[in-house]
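Q: Structure: start15.pdb, PDB, C-alpha atoms.
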ATOM      1  CA  ARG A   1      91.061 108.095 196.262
ATOM      2  CA  CYS A   2      87.991 110.293 196.464
ATOM      3  CA  GLY A   3      86.602 111.850 193.342
ATOM      4  CA  ALA A   4      83.424 113.335 191.996
ATOM      5  CA  LEU A   5      80.137 112.777 193.748
ATOM      6  CA  PRO A   6      77.087 111.485 191.891
ATOM      7  CA  ARG A   7      75.399 114.281 189.967
ATOM      8  CA  ALA A   8      72.682 116.068 191.910
ATOM      9  CA  ALA A   9      69.905 115.022 189.544
ATOM     10  CA  PHE A  10      70.602 111.321 190.090
ATOM     11  CA  GLY A  11      70.758 110.785 193.836
ATOM     12  CA  GLN A  12      71.212 107.752 196.057
ATOM     13  CA  ASP A  13      67.516 106.880 196.033
ATOM     14  CA  ALA A  14      67.545 106.577 192.253
ATOM     15  CA  VAL A  15      70.727 104.500 192.319
ATOM     16  CA  THR A  16      69.242 102.161 194.939
ATOM     17  CA  ALA A  17      65.989 101.824 193.039
ATOM     18  CA  LEU A  18      67.829 101.042 189.804
ATOM     19  CA  ALA A  19      69.997  98.454 191.559
ATOM     20  CA  VAL A  20      66.958  96.706 193.024
ATOM     21  CA  ILE A  21      65.119  96.711 189.692
ATOM     22  CA  VAL A  22      68.138  95.268 187.901
ATOM     23  CA  GLY A  23      68.615  92.700 190.660
ATOM     24  CA  LEU A  24      65.013  91.566 190.578
ATOM     25  CA  THR A  25      65.067  91.367 186.767
ATOM     26  CA  ALA A  26      68.173  89.208 186.915
ATOM     27  CA  MET A  27      66.548  86.962 189.527
ATOM     28  CA  ARG A  28      63.461  86.517 187.395
ATOM     29  CA  ALA A  29      65.585  85.696 184.361
ATOM     30  CA  GLY A  30      67.511  83.183 186.430
ATOM     31  CA  LEU A  31      64.346  81.511 187.635
ATOM     32  CA  GLU A  32      63.042  81.199 184.076
ATOM     33  CA  THR A  33      66.167  79.302 183.055
ATOM     34  CA  LEU A  34      65.570  76.585 185.637
ATOM     35  CA  PRO A  35      64.159  73.283 184.337
ATOM     36  CA  THR A  36      60.384  73.213 184.726
ATOM     37  CA  SER A  37      60.219  69.416 184.947
ATOM     38  CA  ALA A  38      62.638  69.155 187.871
ATOM     39  CA  PRO A  39      62.617  72.383 189.884
ATOM     40  CA  ASN A  40      65.550  73.053 192.135
ATOM     41  CA  TRP A  41      63.689  74.036 195.299
ATOM     42  CA  GLY A  42      66.853  75.051 197.119
ATOM     43  CA  THR A  43      67.909  77.471 194.397
ATOM     44  CA  ASN A  44      64.377  78.831 194.091
ATOM     45  CA  ALA A  45      64.266  79.470 197.829
ATOM     46  CA  VAL A  46      67.545  81.397 197.673
ATOM     47  CA  TRP A  47      66.277  83.547 194.795
ATOM     48  CA  ALA A  48      63.024  84.223 196.645
ATOM     49  CA  LEU A  49      64.788  85.145 199.878
ATOM     50  CA  ALA A  50      67.154  87.487 198.047
ATOM     51  CA  SER A  51      64.186  89.203 196.399
ATOM     52  CA  VAL A  52      62.431  89.713 199.724
ATOM     53  CA  LEU A  53      65.574  91.126 201.318
ATOM     54  CA  MET A  54      66.172  93.545 198.451
ATOM     55  CA  ILE A  55      62.590  94.791 198.566
ATOM     56  CA  ALA A  56      62.764  95.200 202.347
ATOM     57  CA  ALA A  57      66.023  97.142 202.071
ATOM     58  CA  LEU A  58      64.478  99.458 199.492
ATOM     59  CA  CYS A  59      61.477 100.066 201.742
ATOM     60  CA  PHE A  60      63.766 101.074 204.602
ATOM     61  CA  VAL A  61      65.593 103.552 202.364
ATOM     62  CA  PHE A  62      62.341 105.291 201.493
ATOM     63  CA  VAL A  63      60.640 105.051 204.898
ATOM     64  CA  PRO A  64      59.798 108.521 206.284
ATOM     65  CA  VAL A  65      62.249 109.848 208.850
ATOM     66  CA  PRO A  66      60.839 110.281 212.370
ATOM     67  CA  LYS A  67      60.393 113.902 213.395
ATOM     68  CA  PRO A  68      63.932 115.339 213.504
ATOM     69  CA  VAL A  69      65.540 117.758 215.922
ATOM     70  CA  ILE A  70      65.954 121.010 213.987
ATOM     71  CA  LEU A  71      69.333 122.731 214.328
ATOM     72  CA  ASP A  72      70.872 125.697 212.598
ATOM     73  CA  PRO A  73      73.619 124.716 210.150
ATOM     74  CA  PRO A  74      77.093 124.658 211.727
ATOM     75  CA  PHE A  75      78.821 125.531 208.442
ATOM     76  CA  LYS A  76      78.743 127.850 205.446
ATOM     77  CA  GLY A  77      78.428 126.971 201.767
ATOM     78  CA  SER A  78      77.469 123.636 200.210
ATOM     79  CA  TRP A  79      77.852 120.292 201.987
ATOM     80  CA  VAL A  80      77.004 116.717 201.130
ATOM     81  CA  VAL A  81      75.703 114.021 203.462
ATOM     82  CA  LEU A  82      78.131 111.098 203.237
ATOM     83  CA  GLN A  83      76.425 108.996 205.901
ATOM     84  CA  GLY A  84      72.840 109.539 206.986
ATOM     85  CA  GLY A  85      69.377 108.034 206.781
ATOM     86  CA  GLY A  86      67.190 105.299 208.181
ATOM     87  CA  THR A  87      69.082 102.142 207.209
ATOM     88  CA  SER A  88      72.616 100.807 207.416
ATOM     89  CA  MET A  89      72.617 100.681 203.611
ATOM     90  CA  ILE A  90      73.076 104.451 203.547
ATOM     91  CA  ASN A  91      74.157 105.252 207.105
ATOM     92  CA  HIS A  92      76.858 103.233 208.835
ATOM     93  CA  HIS A  93      75.872 104.771 212.180
ATOM     94  CA  HIS A  94      72.414 103.268 212.055
ATOM     95  CA  ALA A  95      73.328  99.908 213.583
ATOM     96  CA  LEU A  96      74.189 101.603 216.900
ATOM     97  CA  ASP A  97      71.465 103.119 219.076
ATOM     98  CA  GLN A  98      73.969 105.687 220.367
ATOM     99  CA  GLN A  99      74.605 107.037 216.854
ATOM    100  CA  ARG A 100      71.545 105.854 214.921
ATOM    101  CA  TRP A 101      70.668 109.117 213.160
ATOM    102  CA  ALA A 102      74.097 110.756 213.229
ATOM    103  CA  LEU A 103      75.288 112.535 210.084
ATOM    104  CA  ASP A 104      78.689 112.679 208.405
ATOM    105  CA  LEU A 105      79.072 115.689 206.112
ATOM    106  CA  MET A 106      81.753 117.079 203.815
ATOM    107  CA  ALA A 107      82.058 120.379 201.973
ATOM    108  CA  VAL A 108      81.482 120.079 198.238
ATOM    109  CA  GLU A 109      82.383 122.214 195.241
ATOM    110  CA  ASP A 110      81.387 121.520 191.634
ATOM    111  CA  GLY A 111      80.159 118.048 192.498
ATOM    112  CA  SER A 112      83.365 116.930 194.216
ATOM    113  CA  ILE A 113      84.581 116.651 197.800
ATOM    114  CA  ASN A 114      88.225 117.275 196.910
ATOM    115  CA  SER A 115      90.513 119.007 194.464
ATOM    116  CA  GLY A 116      93.434 117.407 192.647
ATOM    117  CA  GLU A 117      94.119 113.772 193.417
ATOM    118  CA  GLY A 118      92.877 113.831 197.007
ATOM    119  CA  ASP A 119      96.296 112.778 198.297
ATOM    120  CA  ALA A 120      96.528 115.342 201.106
ATOM    121  CA  LEU A 121      94.251 116.600 203.855
ATOM    122  CA  GLU A 122      94.411 120.043 202.276
ATOM    123  CA  ASP A 123      92.934 118.655 199.041
ATOM    124  CA  PHE A 124      89.568 118.155 200.737
ATOM    125  CA  TYR A 125      87.221 121.111 200.730
ATOM    126  CA  ALA A 126      86.030 120.315 204.266
ATOM    127  CA  TRP A 127      89.542 120.601 205.710
ATOM    128  CA  ASP A 128      89.917 123.643 207.986
ATOM    129  CA  LYS A 129      86.420 124.895 207.172
ATOM    130  CA  PRO A 130      85.029 126.973 210.076
ATOM    131  CA  LEU A 131      82.387 125.418 212.299
ATOM    132  CA  TYR A 132      79.750 127.276 214.288
ATOM    133  CA  ALA A 133      77.386 126.500 217.161
ATOM    134  CA  PRO A 134      74.136 125.086 215.739
ATOM    135  CA  VAL A 135      72.330 126.009 218.973
ATOM    136  CA  ALA A 136      72.728 128.285 221.954
ATOM    137  CA  GLY A 137      73.758 126.482 225.111
ATOM    138  CA  LYS A 138      76.520 125.453 227.484
ATOM    139  CA  VAL A 139      79.706 123.746 226.347
ATOM    140  CA  VAL A 140      79.891 120.638 228.534
ATOM    141  CA  LYS A 141      82.819 118.994 226.738
ATOM    142  CA  ALA A 142      85.606 120.519 224.672
ATOM    143  CA  VAL A 143      88.585 118.465 223.524
ATOM    144  CA  GLY A 144      91.049 120.069 221.127
ATOM    145  CA  ASP A 145      94.509 118.552 221.643
ATOM    146  CA  LYS A 146      94.244 115.365 219.564
ATOM    147  CA  GLU A 147      96.457 115.148 216.491
ATOM    148  CA  ASP A 148      94.873 115.026 213.076
ATOM    149  CA  GLN A 149      95.167 111.627 211.432
ATOM    150  CA  PRO A 150      96.855 111.052 208.078
ATOM    151  CA  LEU A 151      94.454 110.196 205.281
ATOM    152  CA  LEU A 152      92.901 106.731 205.515
ATOM    153  CA  SER A 153      94.196 106.263 209.084
ATOM    154  CA  LEU A 154      92.133 105.649 212.201
ATOM    155  CA  ASP A 155      92.364 106.434 215.909
ATOM    156  CA  PRO A 156      89.981 103.967 217.585
ATOM    157  CA  GLU A 157      91.276 104.950 221.029
ATOM    158  CA  ASN A 158      89.837 108.455 220.542
ATOM    159  CA  PRO A 159      86.839 107.889 218.253
ATOM    160  CA  ALA A 160      85.438 111.446 218.421
ATOM    161  CA  GLY A 161      88.870 113.051 218.201
ATOM    162  CA  ASN A 162      88.687 116.757 218.902
ATOM    163  CA  HIS A 163      85.083 117.551 219.665
ATOM    164  CA  VAL A 164      82.599 119.924 221.263
ATOM    165  CA  VAL A 165      79.423 118.947 223.112
ATOM    166  CA  ILE A 166      76.793 121.637 223.708
ATOM    167  CA  GLN A 167      73.878 121.124 226.079
ATOM    168  CA  MET A 168      70.646 122.513 224.642
ATOM    169  CA  GLU A 169      67.820 124.160 226.563
ATOM    170  CA  ASP A 170      65.772 120.949 226.455
ATOM    171  CA  GLY A 171      68.584 119.026 228.188
ATOM    172  CA  ARG A 172      69.799 117.110 225.147
ATOM    173  CA  PHE A 173      73.276 117.448 223.691
ATOM    174  CA  VAL A 174      74.757 118.293 220.299
ATOM    175  CA  LEU A 175      78.073 116.673 219.401
ATOM    176  CA  LEU A 176      80.398 118.021 216.701
ATOM    177  CA  ALA A 177      83.334 115.661 216.195
ATOM    178  CA  HIS A 178      86.603 115.231 214.239
ATOM    179  CA  LEU A 179      87.656 118.863 214.596
ATOM    180  CA  LYS A 180      91.096 120.142 213.663
ATOM    181  CA  ALA A 181      93.857 119.990 216.273
ATOM    182  CA  ASN A 182      94.230 123.192 218.295
ATOM    183  CA  SER A 183      91.393 124.932 216.426
ATOM    184  CA  LEU A 184      88.879 125.124 219.288
ATOM    185  CA  LEU A 185      87.804 128.630 220.275
ATOM    186  CA  VAL A 186      85.544 127.588 223.165
ATOM    187  CA  SER A 187      86.134 125.791 226.459
ATOM    188  CA  GLN A 188      84.184 123.594 228.830
ATOM    189  CA  GLY A 189      81.689 125.516 230.933
ATOM    190  CA  GLN A 190      81.362 128.363 228.444
ATOM    191  CA  GLN A 191      77.987 129.629 227.256
ATOM    192  CA  VAL A 192      77.782 129.954 223.470
ATOM    193  CA  GLN A 193      75.325 131.683 221.185
ATOM    194  CA  CYS A 194      73.831 130.212 218.043
ATOM    195  CA  GLY A 195      76.214 130.845 215.161
ATOM    196  CA  GLN A 196      79.265 131.429 217.372
ATOM    197  CA  ARG A 197      82.551 130.122 215.960
ATOM    198  CA  LEU A 198      83.629 126.866 217.633
ATOM    199  CA  GLY A 199      86.649 125.712 215.646
ATOM    200  CA  SER A 200      87.451 124.083 212.302
ATOM    201  CA  VAL A 201      86.895 120.793 210.512
ATOM    202  CA  GLY A 202      89.800 118.411 210.888
ATOM    203  CA  ASN A 203      90.637 114.745 210.637
ATOM    204  CA  SER A 204      91.081 113.756 214.267
ATOM    205  CA  GLY A 205      89.723 110.593 215.837
ATOM    206  CA  ASN A 206      88.380 107.466 214.194
ATOM    207  CA  THR A 207      88.057 108.921 210.712
ATOM    208  CA  THR A 208      89.749 108.421 207.359
ATOM    209  CA  LEU A 209      88.859 111.727 205.652
ATOM    210  CA  PRO A 210      88.228 115.301 206.848
ATOM    211  CA  HIS A 211      84.549 115.621 207.668
ATOM    212  CA  LEU A 212      82.064 116.705 210.312
ATOM    213  CA  HIS A 213      80.224 114.161 212.443
ATOM    214  CA  ILE A 214      77.187 115.757 214.058
ATOM    215  CA  GLN A 215      74.419 114.262 216.154
ATOM    216  CA  VAL A 216      71.960 115.031 218.902
ATOM    217  CA  SER A 217      72.273 112.789 221.951
ATOM    218  CA  THR A 218      70.188 112.165 225.048
ATOM    219  CA  HIS A 219      73.338 111.675 227.168
ATOM    220  CA  ILE A 220      76.585 113.612 227.425
ATOM    221  CA  ASP A 221      78.614 110.420 226.928
ATOM    222  CA  LEU A 222      78.351 109.321 223.311
ATOM    223  CA  PHE A 223      78.858 105.663 224.241
ATOM    224  CA  ASP A 224      76.520 105.537 227.232
ATOM    225  CA  GLU A 225      74.493 102.362 226.752
ATOM    226  CA  ASP A 226      71.277 104.336 227.273
ATOM    227  CA  ASN A 227      72.206 107.086 224.834
ATOM    228  CA  GLN A 228      69.809 107.667 221.935
ATOM    229  CA  ALA A 229      70.501 109.706 218.793
ATOM    230  CA  PRO A 230      67.318 111.105 217.184
ATOM    231  CA  PRO A 231      67.207 112.346 213.579
ATOM    232  CA  VAL A 232      68.758 115.732 212.830
ATOM    233  CA  ALA A 233      67.845 118.338 210.233
ATOM    234  CA  PHE A 234      68.881 121.928 209.552
ATOM    235  CA  ARG A 235      66.873 125.095 209.129
ATOM    236  CA  ALA A 236      68.205 127.848 206.849
ATOM    237  CA  THR A 237      69.289 125.270 204.258
ATOM    238  CA  GLN A 238      67.959 123.938 200.987
ATOM    239  CA  ARG A 239      68.521 120.559 199.388
ATOM    240  CA  ILE A 240      70.107 121.244 195.995
ATOM    241  CA  SER A 241      70.258 117.575 195.053
ATOM    242  CA  ALA A 242      67.178 115.820 193.695
ATOM    243  CA  PRO A 243      64.452 116.567 194.571
ATOM    244  CA  ALA A 244      65.794 120.039 194.014
ATOM    245  CA  HIS A 245      65.452 123.093 196.218
ATOM    246  CA  GLU A 246      63.406 121.583 199.011
ATOM    247  CA  PRO A 247      63.763 122.569 202.673
ATOM    248  CA  THR A 248      65.719 119.968 204.645
ATOM    249  CA  ALA A 249      63.591 120.061 207.797
ATOM    250  CA  GLN A 250      62.088 116.657 206.926
ATOM    251  CA  GLY A 251      65.350 114.810 207.525
ATOM    252  CA  LEU A 252      68.511 114.024 205.622
ATOM    253  CA  LYS A 253      70.071 111.002 203.986
ATOM    254  CA  ARG A 254      73.165 110.024 202.036
ATOM    255  CA  ASN A 255      73.989 112.099 198.957
ATOM    256  CA  ASP A 256      71.717 114.982 199.932
ATOM    257  CA  VAL A 257      73.572 118.160 198.966
ATOM    258  CA  LEU A 258      72.749 121.158 201.159
ATOM    259  CA  GLU A 259      73.183 124.846 200.540
ATOM    260  CA  VAL A 260      73.167 127.250 203.479
ATOM    261  CA  ASP A 261      71.226 130.505 203.427
ATOM    262  CA  GLU A 262      73.571 132.544 205.621
ATOM    263  CA  LYS A 263      71.110 135.417 205.975
ATOM    264  CA  ALA A 264      68.571 133.094 207.627
ATOM    265  CA  VAL A 265      70.966 131.375 210.062
ATOM    266  CA  CYS A 266      70.108 131.703 213.766
ATOM    267  CA  GLY A 267      66.960 133.662 213.096
ATOM    268  CA  GLY A 268      68.763 136.155 210.903
ATOM    269  CA  ALA A 269      71.600 136.838 213.352
ATOM    270  CA  GLY A 270      74.017 134.921 211.105
ATOM    271  CA  PHE A 271      77.425 133.499 211.874
ATOM    272  CA  LYS A 272      79.828 135.140 214.317
ATOM    273  CA  GLU A 273      83.563 134.792 213.816
ATOM    274  CA  ALA A 274      84.366 135.935 217.364
ATOM    275  CA  PRO A 275      82.473 135.746 220.699
TER
END
Using structure tokens, write down the structure from this file.
A:
Amino acid sequence: RCGALPRAAFGQDAVTALAVIVGLTAMRAGLETLPTSAPNWGTNAVWALASVLMIAALCFVFVPVPKPVILDPPFKGSWVVLQGGGTSMINHHHALDQQRWALDLMAVEDGSINSGEGDALEDFYAWDKPLYAPVAGKVVKAVGDKEDQPLLSLDPENPAGNHVVIQMEDGRFVLLAHLKANSLLVSQGQQVQCGQRLGSVGNSGNTTLPHLHIQVSTHIDLFDEDNQAPPVAFRATQRISAPAHEPTAQGLKRNDVLEVDEKAVCGGAGFKEAP
């Protein structure tokens, strides 16, 4: 089941730091219990290697994000980053070049991603939330006929599920994936404006919970072996998790909670419910 998210004032960075500190303290305590007259070099080497790996992992969590591609937010309200950042510890996309800096996001209310027990798609705040074009451009792919998956199910044959790909002016592509079945309001070949309604969040494709997968790609085909996915950030949003109320243009990572300033979206033009 899915329940409350960590409180905004105690984000993933703090949790990771605490875990590393506790781990290193435990390692040191373990080393001090070893006999000094007959050191166990094998055990010592394991402890040392574990310490190095933990420190390296922490460094990767805090490493600055390369300059991101700035998009307008494709949603209203408050959303949390479930997967995102510069290491596989906090972003399961990161191991693949084609999805390295992709983001998974879910709508959040009162510190939770769902109401009730989270037993139904409708319990999740992201379900059926409207999605909007984060850029102006041409729709080069639009798939909307895939069925939504039951909770905790997967569709590996159609990993993106229902999705829209928009080609930007600079030639790169924005992918919005896992949309709701039959919710698409745009079609392939159509020109869209920033903030134009595209469809709704669903649970189609290779996903277990209703959420939005968004990324910028260098190629139209997500799985092209030469495809690269640079970091993504949003204008017209503020990070309301710790550190509080900072612009998000410097990149996003897991457990960042974002709040959209609708009046600032698309240069003040806002969201459009109809073309």
Q: Can you tell me how far CA of Ala160 in chain A sits from CA of Leu198 in chain A, in Å to one decimal?
A: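 Between CA of Ala160 in chain A and CA of Leu198 in chain A the gap is 15.5 Å.
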Q: Name the residues that the PyMOL selection byres ((chain A and resi 227) around 12) pulls out of this structure, and write them as a PyMOL selection string.
A: chain A and resi 96-101+172-173+215-226+228-230
Q: Evaluate the PyMOL selection byres ((chain A and resi 148) around 7) here and jot the selected residues down as an MDAnalysis selection string.
A: chainID A and resid 146:147 149:150 180:181 202:204
Q: So, counting all atoms listed in the file, which residue among A:Ala95, A:Val139, A:Ile166, A:Val201 is closest to Tyr125 in chain A?
A: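 Among the listed residues, A:Val201 lies closest to Tyr125 in chain A.
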Q: Calculate how many Å separate CA of Pro159 in chain A from CA of Thr207 in chain A, rounding to one decimal.
A: 7.7 Å
Q: Between CA of Val174 in chain A and CA of Asp72 in chain A, what is the distance, to one decimal in Å?
A: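 One can read the CA of Val174 in chain A to CA of Asp72 in chain A distance as 11.4 Å.
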Q: Just so the selection is clear, what residues does the PyMOL selection byres ((chain A and resi 104) around 8) cover here, as a list in words?
A: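 Here the PyMOL selection byres ((chain A and resi 104) around 8) matches Val81, Leu82, Gln83, Gly84, Ala102, Leu103, Leu105, Met106, His211, Leu212, His213 and Ile214 of chain A.
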Q: Rank nothing, just name the residue among A:His178, A:His92, A:Arg254, A:Lys67 nearest to His163 in chain A, using all atoms listed in the file.
A: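 Smallest separation from His163 in chain A among the options: A:His178.
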Q: Neighbours of Cys194 in chain A within 6 Å (all atoms listed in the file; same-chain residues fewer than 3 positions away dropped), as a VMD selection string?
A: chain A and resid 133 to 136 266
Q: Would you pick out the contacts of Asp261 in chain A at 12 Å or less, using only C-alpha atoms, so that residues sharing its chain but fewer than 6 positions from it are not included, and give the list as an MDAnalysis selection string?
A: chainID A and resid 72:78 234:240 245 247:248 267:271
Q: Need the shell around Leu152 in chain A: protein/DNA/RNA residues with any atom at most 12 Å away, counting all atoms listed in the file. Skip same-chain ones fewer than 5 positions apart. Format as a PyMOL selection string?
A: chain A and resi 1-2+118-121+203-210
Q: Measuring between all atoms listed in the file, which one of A:Gly195, A:Gly111, A:Gly144, A:Gly251 shows the shortest distance to Trp79 in chain A?
A: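 Answer, going by the shortest atom-to-atom distance: A:Gly111.
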Q: Report, as AutoDock Vina command-line options, the centre and edge lengths in Å (one decimal) of the axis-aligned box enclosing every listed atom of range 104-123 of chain A, padded by 3 Å on each side.
A:
--center_x 87.6 --center_y 117.4 --center_z 200.0 --size_x 23.8 --size_y 15.5 --size_z 22.8
